[in-house]
Every structure is written in C-alpha cells, then in structure tokens.
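K.L.:
The structure's right below; bear with me while I get my questions together.
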Amino acid sequence: MQRVTLSQFVQNTTVYERTPININPGLRRGVWITWLLDSVIGVFYAFLPRGSYLQSNLFFQWTNDWMINSWDFVAEYRQFFIAACALVFCINLGLLITTRAFNQAEIALHIALFVPVIFVSINLLFVMVLLLPVIANLIIWLCLAAACIVVVIIILLNFVRARSQ
C-alpha cells in the first residue's frame, strides 16, 4: 500500500458540486423563451398608452374604471417596470455567459436559471390582466363585424334571389 500525502490527495480529487453538468433541454428552452418574453414585455411597457387615451378612443367603448386606473398606474410607473425587465435581461445575459449559452452549468446555476423564469411568469400574468379588457373589446368588435357581414350577405342573397325570379 502506497502512502499519499494530503496535498497529493487534494490534487487528485474532483469537487462534484462545481463540475458543470448539462442543462435540461426543457429548462434551456424555458430560459430562451423567458428572455424573448422579457424583451417583448419591456417593449410593451415602453409604448403603453395612458388609460385616458383608451377611454377617449372609439375602439375601446367597453371599458371600466378598473381598466383605466390599472393602465394609468402602469403608465405612471413604467420606468420601474422597464428597469425590472432590463434587470432580468441583464441577469439572463450574465447567465448566458456563465452557463456557456445555457448548455452546461454548476448545480447552483441550474437553480439560478429559475429566477428569471419565475419573474417573467409573474410579469406576464400582470400584462395579461392588463390585456384582458383589450382582448374582450377586440372580440366584441369582431363579433359585431361578423354579424354585419352576415346581415349584408343575407340581404345580397335575398336581392339576387328576388332578381332571378
């Protein structure tokens, strides 16, 4: 049996907690999607109109005070929302560099990859709450347009049928 000194033992060991391992493809895909959504949400916040604009616009006839107040709140504090999106963007950029394009990372960085995902998920829910009344207005207008088109088609068919007799 050969004797090994402590310094030789330490040189020949591997610390597995710091060994980079492959990142799960689902997590990798989620981080890339998160980065894209964060950019889109940041642009959305940058060009968000005030609630009074929505109230005065003819397209948004079916609005309520809650919708107007929530849009005004976000428009008033938009710089904080944009700063939060920029912070998440920078965190993702740092993680992109340290994880070798989201391919390999230490276990601690695998856990850190969830932070931007969770933040953007919460941010996306907030944006969806803002957009629900807008989508509802859009659906109502599309239904009205479809009903008008159906009425015009029925009138034209009756006119053609009357002319052919």
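Chain labels follow the order of the structure tokens: the first chain is A, the next B, and so on; residue numbering restarts at 1 in every chain, and ligands are counted from 1 in their shown order.
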Within 7 Å of stretch 85-92 of chain A, counting only C-alpha atoms, which residues qualify if same-chain residues fewer than 5 places away don't, as a PyMOL selection string?
P.N.:
chain A and resi 35+38+42+116
K.L.:
Just to be explicit: take each residue in the selection above, keep N, CA and C atoms, and write the result as a PDB file, in the first residue's frame.
P.N.:
```
ATOM      1  N   TRP A  35     -36.367  34.877 -21.988  1.00  0.00           N
ATOM      2  CA  TRP A  35     -35.600  36.027 -22.466  1.00  0.00           C
ATOM      3  C   TRP A  35     -36.380  36.762 -23.559  1.00  0.00           C
ATOM      4  N   ASP A  38     -39.408  38.511 -21.938  1.00  0.00           N
ATOM      5  CA  ASP A  38     -38.968  39.668 -21.166  1.00  0.00           C
ATOM      6  C   ASP A  38     -38.725  40.861 -22.091  1.00  0.00           C
ATOM      7  N   GLY A  42     -40.931  44.285 -22.027  1.00  0.00           N
ATOM      8  CA  GLY A  42     -40.264  45.571 -21.863  1.00  0.00           C
ATOM      9  C   GLY A  42     -40.669  46.563 -22.934  1.00  0.00           C
ATOM     10  N   PRO A 116     -35.146  34.174 -13.285  1.00  0.00           N
ATOM     11  CA  PRO A 116     -35.777  34.975 -14.350  1.00  0.00           C
ATOM     12  C   PRO A 116     -37.066  34.350 -14.874  1.00  0.00           C
TER      13      PRO A 116
END
```
K.L.:
Taking the chain letters and numbering used in this document, name the residues of chain A that DSSP puts in alpha helix (DSSP H), as a PyMOL selection string.
P.N.:
chain A and resi 6-11+25-46+51-56+65-76+78-98+107-112+114-164
K.L.:
Applying 7 Å and only C-alpha atoms, which residues near stretch 118-130 of chain A remain after dropping the ones on its own chain fewer than 4 positions away? List them as a VMD selection string.
P.N.:
chain A and resid 34 38 71 114
K.L.:
What is the distance, in Å and to one decimal place, between atom CA of A:Val74 and atom CA of A:Leu131?
P.N.:
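Atom CA of A:Leu131 lies at a distance of 12.2 Å from atom CA of A:Val74.
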K.L.:
For a test of reading the model, state the distance in Å between atom CA of A:Ala146 and atom CA of A:Ala162, rounded to one decimal.
P.N.:
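The value is 24.2 Å.
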K.L.:
I'd like the neighbourhood of A:Pro25 as number ranges by chain, where a residue qualifies if any of its atoms comes within 10 Å (using only C-alpha atoms), though same-chain residues fewer than 5 positions away should be ignored.
P.N.:
A: 30-31, 102-103
K.L.:
From stretch 7-149 of chain A, collect each residue whose DSSP state is strand (DSSP E) and return the set as number ranges by chain.
P.N.:
A: 21-22, 104-105
K.L.:
So that I can check the surroundings of A:Ile107, please list as JSON, numbers by chain every protein, DNA and RNA residue that reaches within 9 Å of it, counting only C-alpha atoms and ignoring chain neighbours fewer than 2 positions away.
P.N.:
{"A": [17, 18, 19, 20, 21, 105, 109, 110, 111, 112]}
K.L.:
Those residues you just picked out, can you put them in a file as an mmCIF file, in the first residue's frame with C-alpha atoms?
P.N.:
```
data_model
loop_
_atom_site.group_PDB
_atom_site.id
_atom_site.type_symbol
_atom_site.label_atom_id
_atom_site.label_comp_id
_atom_site.auth_asym_id
_atom_site.auth_seq_id
_atom_site.Cartn_x
_atom_site.Cartn_y
_atom_site.Cartn_z
ATOM 1 C CA GLU A 17 -20.611 20.283 -6.715
ATOM 2 C CA ARG A 18 -18.591 22.520 -9.043
ATOM 3 C CA THR A 19 -18.477 20.163 -12.003
ATOM 4 C CA PRO A 20 -20.545 21.582 -14.866
ATOM 5 C CA ILE A 21 -23.347 19.287 -15.971
ATOM 6 C CA ALA A 105 -23.568 24.877 -15.532
ATOM 7 C CA LEU A 109 -26.644 27.957 -11.569
ATOM 8 C CA HIS A 110 -29.343 25.459 -12.544
ATOM 9 C CA ILE A 111 -31.344 26.792 -9.621
ATOM 10 C CA ALA A 112 -30.447 30.387 -10.538
#
```
